[in-house]
>>> print(open('coords_7.txt').read())   # compact mmCIF, C-alpha atoms
# COMPACT_ATOMS: atom_id res chain seq x y z
CA MET A 1 81.02 105.40 111.51
CA SER A 2 82.31 102.62 109.29
CA SER A 3 85.00 100.23 110.35
CA THR A 4 87.18 97.50 108.90
CA ASN A 5 88.61 94.33 110.32
CA THR A 6 92.32 93.56 110.42
CA PRO A 7 93.79 90.11 109.76
CA ASN A 8 93.95 89.60 113.55
CA SER A 9 90.17 90.29 113.56
CA LYS A 10 90.31 93.56 115.49
CA LYS A 11 87.65 96.00 114.43
CA MET A 12 89.34 99.14 113.09
CA TYR A 13 87.86 102.64 112.97
CA PRO A 14 89.05 105.21 110.42
CA CYS A 15 90.84 108.32 111.64
CA SER A 16 91.06 111.63 109.82
CA VAL A 17 94.40 111.71 108.05
CA VAL A 18 96.26 114.92 108.90
CA ASP A 19 99.37 116.64 107.60
CA ASP A 20 102.44 117.73 109.53
CA GLN A 21 100.88 121.13 110.29
CA TYR A 22 98.18 119.50 112.43
CA ILE A 23 100.64 119.42 115.35
CA HIS A 24 100.43 123.21 115.56
CA HIS A 25 96.64 123.51 115.85
CA ALA A 26 95.36 120.23 117.35
CA PRO A 27 92.88 120.72 120.19
CA LYS A 28 94.91 118.45 122.52
CA LYS A 29 98.68 118.71 122.42
CA TYR A 30 101.42 117.47 124.75
CA VAL A 31 105.14 118.22 124.41
CA ALA A 32 108.18 116.62 126.04
CA LYS A 33 111.91 117.30 125.58
CA VAL A 34 115.06 115.47 126.55
CA VAL A 35 118.78 115.59 125.76
CA VAL A 36 120.42 112.26 124.90
CA ASN A 37 124.08 111.27 124.67
CA ALA A 38 123.97 110.23 121.03
CA SER A 39 124.12 111.73 117.55
CA ALA A 40 121.02 112.60 115.54
CA GLU A 41 121.79 109.63 113.27
CA GLN A 42 121.86 107.31 116.29
CA VAL A 43 118.51 108.73 117.49
CA PHE A 44 117.00 107.90 114.09
CA GLU A 45 118.59 104.45 114.23
CA VAL A 46 116.54 103.85 117.40
CA PHE A 47 113.40 105.29 115.76
CA GLU A 48 113.84 102.87 112.83
CA ASP A 49 114.43 99.85 115.11
CA ALA A 50 111.05 98.13 115.58
CA ASP A 51 112.38 96.18 118.58
CA ALA A 52 113.50 99.36 120.39
CA TRP A 53 110.06 100.99 120.75
CA PRO A 54 108.67 98.51 123.32
CA GLN A 55 111.87 98.98 125.34
CA TRP A 56 111.23 102.65 126.08
CA ALA A 57 107.58 103.41 125.21
CA MET A 58 105.71 101.47 127.89
CA PRO A 59 102.32 101.06 126.16
CA ILE A 60 103.88 99.67 122.95
CA ASN A 61 104.02 95.89 122.62
CA LYS A 62 105.07 95.60 118.98
CA VAL A 63 105.99 97.74 115.96
CA ILE A 64 105.62 96.28 112.48
CA TRP A 65 107.02 98.27 109.56
CA THR A 66 104.77 97.59 106.56
CA SER A 67 106.87 99.61 104.10
CA PRO A 68 110.43 98.75 103.09
CA LYS A 69 113.45 100.95 103.71
CA PRO A 70 114.36 103.61 102.96
CA TYR A 71 111.63 105.16 105.10
CA GLY A 72 110.10 108.48 104.16
CA ILE A 73 106.84 110.35 103.73
CA GLY A 74 104.14 107.77 103.02
CA THR A 75 105.90 104.96 104.93
CA THR A 76 103.44 102.82 106.90
CA ARG A 77 103.59 100.69 110.01
CA ILE A 78 101.31 99.01 112.54
CA VAL A 79 101.77 99.64 116.25
CA GLU A 80 100.26 97.24 118.76
CA MET A 81 99.83 98.75 122.21
CA ILE A 82 98.16 97.76 125.44
CA GLY A 83 94.47 97.77 124.49
CA LEU A 84 94.96 99.49 121.13
CA THR A 85 96.26 98.88 117.62
CA GLY A 86 96.97 101.76 115.26
CA ASP A 87 97.82 101.89 111.57
CA GLU A 88 100.23 104.76 110.94
CA THR A 89 101.40 106.72 107.92
CA PHE A 90 104.44 108.99 108.07
CA ILE A 91 103.57 112.57 107.15
CA ALA A 92 107.08 114.00 107.61
CA TRP A 93 110.52 112.43 107.27
CA ASP A 94 113.66 114.55 107.13
CA TYR A 95 116.45 112.20 108.24
CA PRO A 96 118.00 112.79 110.80
CA LYS A 97 116.15 115.93 111.90
CA HIS A 98 112.41 115.37 111.90
CA MET A 99 109.72 112.74 111.54
CA ALA A 100 105.98 112.69 112.12
CA PHE A 101 103.18 110.20 111.62
CA CYS A 102 99.42 110.02 111.99
CA PHE A 103 96.93 107.25 112.59
CA THR A 104 94.90 106.27 109.54
CA GLN A 105 92.80 103.86 111.59
CA MET A 106 92.74 102.42 115.09
CA SER A 107 91.03 99.71 117.08
CA GLU A 108 89.17 102.18 119.33
CA SER A 109 86.72 104.86 118.22
CA LEU A 110 87.76 107.48 120.81
CA ILE A 111 90.02 109.56 118.55
CA GLU A 112 89.09 111.49 115.41
CA SER A 113 92.71 112.29 114.56
CA PHE A 114 96.08 111.53 116.15
CA ALA A 115 99.65 112.47 115.25
CA GLU A 116 103.11 112.41 116.77
CA ASP A 117 105.97 114.69 115.81
CA TYR A 118 109.68 114.22 116.65
CA VAL A 119 112.19 117.05 116.20
CA VAL A 120 115.85 116.06 116.60
CA THR A 121 118.45 118.81 117.11
CA GLU A 122 122.14 118.01 117.37
CA LEU A 123 123.90 119.91 120.16
CA ALA A 124 127.57 120.24 121.12
CA ASP A 125 129.66 117.45 122.65
CA GLY A 126 127.81 114.58 120.93
CA GLN A 127 124.46 115.32 122.52
CA THR A 128 121.10 115.63 120.79
CA GLU A 129 117.83 117.20 121.90
CA VAL A 130 114.67 115.26 121.10
CA GLN A 131 111.31 117.03 121.22
CA TRP A 132 108.25 114.78 121.06
CA THR A 133 104.80 116.23 120.46
CA MET A 134 101.64 114.14 120.68
CA ALA A 135 98.50 115.75 119.25
CA MET A 136 94.93 114.52 118.99
CA THR A 137 91.30 115.34 118.44
CA PRO A 138 89.08 113.19 120.65
CA ARG A 139 85.59 112.15 119.60
CA GLY A 140 82.58 110.72 121.39
CA TYR A 141 83.41 109.15 124.73
CA GLY A 142 87.05 110.10 124.08
CA LYS A 143 86.17 113.72 124.89
CA ILE A 144 85.19 112.67 128.43
CA THR A 145 88.21 110.40 128.80
CA MET A 146 90.54 113.17 127.63
CA ALA A 147 88.98 115.66 130.05
CA LEU A 148 89.60 113.24 132.92
CA PHE A 149 93.05 111.91 131.96
CA GLY A 150 94.40 114.70 129.76
CA PRO A 151 96.45 116.33 132.52
CA MET A 152 98.28 113.03 133.02
CA MET A 153 99.15 112.78 129.31
CA GLY A 154 101.92 115.36 129.49
CA ILE A 155 103.43 113.69 132.55
CA GLY A 156 103.25 110.28 130.87
CA LEU A 157 104.79 111.62 127.66
CA GLN A 158 107.76 113.09 129.54
CA TRP A 159 108.13 109.86 131.53
CA MET A 160 108.30 107.81 128.30
CA LEU A 161 110.77 110.26 126.73
CA ASN A 162 112.94 109.96 129.84
CA GLY A 163 112.83 106.20 129.19
CA PHE A 164 113.96 106.91 125.62
CA LYS A 165 116.93 108.87 127.02
CA LYS A 166 117.88 106.00 129.31
CA TYR A 167 117.56 103.48 126.45
CA VAL A 168 119.60 105.60 124.00
CA ASP A 169 122.27 106.52 126.57
CA GLN A 170 122.74 102.83 127.43
CA ARG A 171 122.68 101.69 123.80
CA TYR A 172 125.38 104.15 122.75
CA GLN A 173 127.40 104.31 125.96
CA ILE A 174 131.04 104.87 125.07
CA ALA A 175 133.43 102.70 127.02
CA GLN A 176 135.59 104.83 129.27
>>> encode(input="coords_7.txt", output="structure tokens")
Amino acid sequence: MSSTNTPNSKKMYPCSVVDDQYIHHAPKKYVAKVVVNASAEQVFEVFEDADAWPQWAMPINKVIWTSPKPYGIGTTRIVEMIGLTGDETFIAWDYPKHMAFCFTQMSESLIESFAEDYVVTELADGQTEVQWTMAMTPRGYGKITMALFGPMMGIGLQWMLNGFKKYVDQRYQIAQ
């Protein structure tokens, strides 16, 4: 397996680039849903805010958009997490209803392919449902790790999405 080095000297391993249909047939898939007190446009405003991600997604330390606005299919960014850096490319972008991205490379060799998918559905009374799907194909030692910790992934995903709800509800709280 070949690898490249990033400017911060982390060794990076290529991932298989997938399309937005990968979410439906990935070997490992976890889904979480939550209803937030905000519009779909406000949800996307949070998605586009690099500083917001570390506030609600516990493993994320930093998000760096490497493509200019307006964002869309092909947009890129770097996400620095606890123990992991991933280069991402957006494979779906239908503002303010749907976005998805996949890793093109990452600083660990445990994953063959990885994608996240966000479906945003506006409901009545100013509320919006957010469905977050995380999908992956582990490789090598990652297959063992996923077998051991996979059951916790769904719980962790819902926990982070509940944090998203709390963040969004506080950010857009309407003064009574």
>>> axis_aligned_box(input="coords_7.txt", around="segment 103-113 of chain A", padding_each_side="4 Å", output="lines of an AutoDock Vina configuration file")
center_x = 91.8
center_y = 106.0
center_z = 115.2
size_x = 18.2
size_y = 20.6
size_z = 19.3
>>> residues_around(input="coords_7.txt", residues="Ile111 of chain A", least_positions_apart="3", cutoff="8 Å", atoms="only C-alpha atoms", output="VMD selection string")
chain A and resid 15 108 114 136 to 139 142
>>> closest_atom_pairs(input="coords_7.txt", of="segment 24-77 of chain A", to="segment 146-158 of chain A", cutoff="10 Å", atoms="only C-alpha atoms", output="tab-separated table")
residue	atom	partner	partner_atom	distance
A:Lys28	CA	A:Gly150	CA	8.2
A:Lys29	CA	A:Gly154	CA	8.5
A:Tyr30	CA	A:Gly154	CA	5.2
A:Val31	CA	A:Gly154	CA	6.7
A:Ala32	CA	A:Gln158	CA	5.0
A:Lys33	CA	A:Gln158	CA	7.1
A:Val34	CA	A:Gln158	CA	8.2
A:Ala57	CA	A:Leu157	CA	9.0
A:Met58	CA	A:Gly156	CA	9.6
>>> atom_distance(input="coords_7.txt", atom1="atom CA of Gln105 of chain A", atom2="atom CA of Glu88 of chain A")
7.5 Å
>>> closest_residue(input="coords_7.txt", among="A:Gly140, A:Ile78, A:Asp125, A:Ser39", to="Asp169 of chain A", atoms="only C-alpha atoms")
A:Ser39
>>> closest_residue(input="coords_7.txt", among="A:Trp159, A:Tyr13, A:Trp65, A:Tyr172", to="Glu41 of chain A", atoms="only C-alpha atoms")
A:Tyr172
>>> atom_distance(input="coords_7.txt", atom1="atom CA of Gln55 of chain A", atom2="atom CA of Gly83 of chain A")
17.5 Å
>>> atom_distance(input="coords_7.txt", atom1="atom CA of Asn162 of chain A", atom2="atom CA of Val36 of chain A")
9.3 Å
>>> residues_around(input="coords_7.txt", residues="Gly86 of chain A", least_positions_apart="4", cutoff="8 Å", atoms="only C-alpha atoms", output="list in words")
Ile78, Val79, Glu80, Phe103, Thr104, Gln105, Met106 and Ser107 of chain A
>>> write_last_selection(input="coords_7.txt", atoms="C-alpha atoms", output="PDB file, in the coordinates of the input")
ATOM      1  CA  ILE A  78     101.310  99.010 112.540  1.00  0.00           C
ATOM      2  CA  VAL A  79     101.770  99.640 116.250  1.00  0.00           C
ATOM      3  CA  GLU A  80     100.260  97.240 118.760  1.00  0.00           C
ATOM      4  CA  PHE A 103      96.930 107.250 112.590  1.00  0.00           C
ATOM      5  CA  THR A 104      94.900 106.270 109.540  1.00  0.00           C
ATOM      6  CA  GLN A 105      92.800 103.860 111.590  1.00  0.00           C
ATOM      7  CA  MET A 106      92.740 102.420 115.090  1.00  0.00           C
ATOM      8  CA  SER A 107      91.030  99.710 117.080  1.00  0.00           C
TER       9      SER A 107
END
>>> residues_near_point(input="coords_7.txt", point="(113.7, 100.0, 115.7)", cutoff="12 Å", atoms="only C-alpha atoms", output="list in words")
Gln42, Val43, Phe44, Glu45, Val46, Phe47, Glu48, Asp49, Ala50, Asp51, Ala52, Trp53, Pro54, Gln55, Trp56, Ala57, Lys62, Val63, Ile64, Trp65, Tyr71, Arg77, Val79, Tyr167 and Val168 of chain A
>>> residues_near_point(input="coords_7.txt", point="(103.5, 110.1, 106.7)", cutoff="6 Å", atoms="all atoms listed in the file", output="ChimeraX atom specification")
/A:73-75,89-92,101
>>> write_last_selection(input="coords_7.txt", atoms="C-alpha atoms", output="PDB file, keeping the file's coordinate frame")
ATOM      1  CA  ILE A  73     106.840 110.350 103.730  1.00  0.00           C
ATOM      2  CA  GLY A  74     104.140 107.770 103.020  1.00  0.00           C
ATOM      3  CA  THR A  75     105.900 104.960 104.930  1.00  0.00           C
ATOM      4  CA  THR A  89     101.400 106.720 107.920  1.00  0.00           C
ATOM      5  CA  PHE A  90     104.440 108.990 108.070  1.00  0.00           C
ATOM      6  CA  ILE A  91     103.570 112.570 107.150  1.00  0.00           C
ATOM      7  CA  ALA A  92     107.080 114.000 107.610  1.00  0.00           C
ATOM      8  CA  PHE A 101     103.180 110.200 111.620  1.00  0.00           C
TER       9      PHE A 101
END
>>> build_atoms(input="coords_7.txt", residues="segment 109-134 of chain A", atoms="N, CA, C and O atoms", output="PDB file, keeping the file's coordinate frame")
ATOM      1  N   SER A 109      87.386 103.759 118.936  1.00  0.00           N
ATOM      2  CA  SER A 109      86.720 104.860 118.220  1.00  0.00           C
ATOM      3  C   SER A 109      86.773 106.178 118.990  1.00  0.00           C
ATOM      4  O   SER A 109      85.993 107.079 118.718  1.00  0.00           O
ATOM      5  N   LEU A 110      87.710 106.309 119.930  1.00  0.00           N
ATOM      6  CA  LEU A 110      87.760 107.480 120.810  1.00  0.00           C
ATOM      7  C   LEU A 110      88.482 108.696 120.215  1.00  0.00           C
ATOM      8  O   LEU A 110      88.413 109.783 120.766  1.00  0.00           O
ATOM      9  N   ILE A 111      89.192 108.495 119.118  1.00  0.00           N
ATOM     10  CA  ILE A 111      90.020 109.560 118.550  1.00  0.00           C
ATOM     11  C   ILE A 111      89.633 109.825 117.108  1.00  0.00           C
ATOM     12  O   ILE A 111      89.591 108.906 116.284  1.00  0.00           O
ATOM     13  N   GLU A 112      89.377 111.084 116.793  1.00  0.00           N
ATOM     14  CA  GLU A 112      89.090 111.490 115.410  1.00  0.00           C
ATOM     15  C   GLU A 112      90.392 111.569 114.607  1.00  0.00           C
ATOM     16  O   GLU A 112      90.462 111.119 113.477  1.00  0.00           O
ATOM     17  N   SER A 113      91.408 112.185 115.207  1.00  0.00           N
ATOM     18  CA  SER A 113      92.710 112.290 114.560  1.00  0.00           C
ATOM     19  C   SER A 113      93.799 112.244 115.624  1.00  0.00           C
ATOM     20  O   SER A 113      93.588 112.669 116.765  1.00  0.00           O
ATOM     21  N   PHE A 114      94.966 111.705 115.217  1.00  0.00           N
ATOM     22  CA  PHE A 114      96.080 111.530 116.150  1.00  0.00           C
ATOM     23  C   PHE A 114      97.366 111.623 115.360  1.00  0.00           C
ATOM     24  O   PHE A 114      97.499 111.028 114.290  1.00  0.00           O
ATOM     25  N   ALA A 115      98.341 112.357 115.903  1.00  0.00           N
ATOM     26  CA  ALA A 115      99.650 112.470 115.250  1.00  0.00           C
ATOM     27  C   ALA A 115     100.732 112.629 116.311  1.00  0.00           C
ATOM     28  O   ALA A 115     100.470 113.111 117.417  1.00  0.00           O
ATOM     29  N   GLU A 116     101.919 112.185 115.949  1.00  0.00           N
ATOM     30  CA  GLU A 116     103.110 112.410 116.770  1.00  0.00           C
ATOM     31  C   GLU A 116     104.170 113.037 115.897  1.00  0.00           C
ATOM     32  O   GLU A 116     104.290 112.711 114.713  1.00  0.00           O
ATOM     33  N   ASP A 117     104.949 113.923 116.508  1.00  0.00           N
ATOM     34  CA  ASP A 117     105.970 114.690 115.810  1.00  0.00           C
ATOM     35  C   ASP A 117     107.257 114.627 116.623  1.00  0.00           C
ATOM     36  O   ASP A 117     107.219 114.839 117.847  1.00  0.00           O
ATOM     37  N   TYR A 118     108.380 114.319 115.981  1.00  0.00           N
ATOM     38  CA  TYR A 118     109.680 114.220 116.650  1.00  0.00           C
ATOM     39  C   TYR A 118     110.658 115.156 115.960  1.00  0.00           C
ATOM     40  O   TYR A 118     110.916 115.011 114.758  1.00  0.00           O
ATOM     41  N   VAL A 119     111.191 116.117 116.713  1.00  0.00           N
ATOM     42  CA  VAL A 119     112.190 117.050 116.200  1.00  0.00           C
ATOM     43  C   VAL A 119     113.507 116.727 116.900  1.00  0.00           C
ATOM     44  O   VAL A 119     113.568 116.685 118.134  1.00  0.00           O
ATOM     45  N   VAL A 120     114.542 116.491 116.100  1.00  0.00           N
ATOM     46  CA  VAL A 120     115.850 116.060 116.600  1.00  0.00           C
ATOM     47  C   VAL A 120     116.860 117.147 116.262  1.00  0.00           C
ATOM     48  O   VAL A 120     117.058 117.474 115.093  1.00  0.00           O
ATOM     49  N   THR A 121     117.499 117.715 117.296  1.00  0.00           N
ATOM     50  CA  THR A 121     118.450 118.810 117.110  1.00  0.00           C
ATOM     51  C   THR A 121     119.783 118.430 117.723  1.00  0.00           C
ATOM     52  O   THR A 121     119.888 118.219 118.937  1.00  0.00           O
ATOM     53  N   GLU A 122     120.808 118.360 116.878  1.00  0.00           N
ATOM     54  CA  GLU A 122     122.140 118.010 117.370  1.00  0.00           C
ATOM     55  C   GLU A 122     122.723 119.202 118.134  1.00  0.00           C
ATOM     56  O   GLU A 122     122.642 120.338 117.684  1.00  0.00           O
ATOM     57  N   LEU A 123     123.278 118.912 119.299  1.00  0.00           N
ATOM     58  CA  LEU A 123     123.900 119.910 120.160  1.00  0.00           C
ATOM     59  C   LEU A 123     125.415 119.685 120.167  1.00  0.00           C
ATOM     60  O   LEU A 123     125.916 118.820 119.461  1.00  0.00           O
ATOM     61  N   ALA A 124     126.122 120.407 120.994  1.00  0.00           N
ATOM     62  CA  ALA A 124     127.570 120.240 121.120  1.00  0.00           C
ATOM     63  C   ALA A 124     127.896 118.973 121.906  1.00  0.00           C
ATOM     64  O   ALA A 124     127.051 118.404 122.587  1.00  0.00           O
ATOM     65  N   ASP A 125     129.133 118.546 121.837  1.00  0.00           N
ATOM     66  CA  ASP A 125     129.660 117.450 122.650  1.00  0.00           C
ATOM     67  C   ASP A 125     128.919 116.124 122.446  1.00  0.00           C
ATOM     68  O   ASP A 125     128.750 115.348 123.380  1.00  0.00           O
ATOM     69  N   GLY A 126     128.430 115.855 121.231  1.00  0.00           N
ATOM     70  CA  GLY A 126     127.810 114.580 120.930  1.00  0.00           C
ATOM     71  C   GLY A 126     126.432 114.375 121.516  1.00  0.00           C
ATOM     72  O   GLY A 126     125.936 113.251 121.573  1.00  0.00           O
ATOM     73  N   GLN A 127     125.809 115.438 121.961  1.00  0.00           N
ATOM     74  CA  GLN A 127     124.460 115.320 122.520  1.00  0.00           C
ATOM     75  C   GLN A 127     123.423 115.786 121.502  1.00  0.00           C
ATOM     76  O   GLN A 127     123.734 116.553 120.589  1.00  0.00           O
ATOM     77  N   THR A 128     122.204 115.305 121.689  1.00  0.00           N
ATOM     78  CA  THR A 128     121.100 115.630 120.790  1.00  0.00           C
ATOM     79  C   THR A 128     119.840 115.878 121.604  1.00  0.00           C
ATOM     80  O   THR A 128     119.525 115.102 122.507  1.00  0.00           O
ATOM     81  N   GLU A 129     119.126 116.951 121.267  1.00  0.00           N
ATOM     82  CA  GLU A 129     117.830 117.200 121.900  1.00  0.00           C
ATOM     83  C   GLU A 129     116.734 116.546 121.065  1.00  0.00           C
ATOM     84  O   GLU A 129     116.725 116.647 119.833  1.00  0.00           O
ATOM     85  N   VAL A 130     115.820 115.866 121.751  1.00  0.00           N
ATOM     86  CA  VAL A 130     114.670 115.260 121.100  1.00  0.00           C
ATOM     87  C   VAL A 130     113.418 115.910 121.683  1.00  0.00           C
ATOM     88  O   VAL A 130     113.231 115.912 122.902  1.00  0.00           O
ATOM     89  N   GLN A 131     112.600 116.478 120.813  1.00  0.00           N
ATOM     90  CA  GLN A 131     111.310 117.030 121.220  1.00  0.00           C
ATOM     91  C   GLN A 131     110.217 116.163 120.614  1.00  0.00           C
ATOM     92  O   GLN A 131     110.180 115.943 119.406  1.00  0.00           O
ATOM     93  N   TRP A 132     109.334 115.675 121.485  1.00  0.00           N
ATOM     94  CA  TRP A 132     108.250 114.780 121.060  1.00  0.00           C
ATOM     95  C   TRP A 132     106.929 115.483 121.343  1.00  0.00           C
ATOM     96  O   TRP A 132     106.651 115.863 122.478  1.00  0.00           O
ATOM     97  N   THR A 133     106.126 115.643 120.317  1.00  0.00           N
ATOM     98  CA  THR A 133     104.800 116.230 120.460  1.00  0.00           C
ATOM     99  C   THR A 133     103.752 115.195 120.074  1.00  0.00           C
ATOM    100  O   THR A 133     103.864 114.563 119.025  1.00  0.00           O
ATOM    101  N   MET A 134     102.781 115.019 120.940  1.00  0.00           N
ATOM    102  CA  MET A 134     101.640 114.140 120.680  1.00  0.00           C
ATOM    103  C   MET A 134     100.419 115.045 120.566  1.00  0.00           C
ATOM    104  O   MET A 134     100.187 115.870 121.446  1.00  0.00           O
TER     105      MET A 134
END
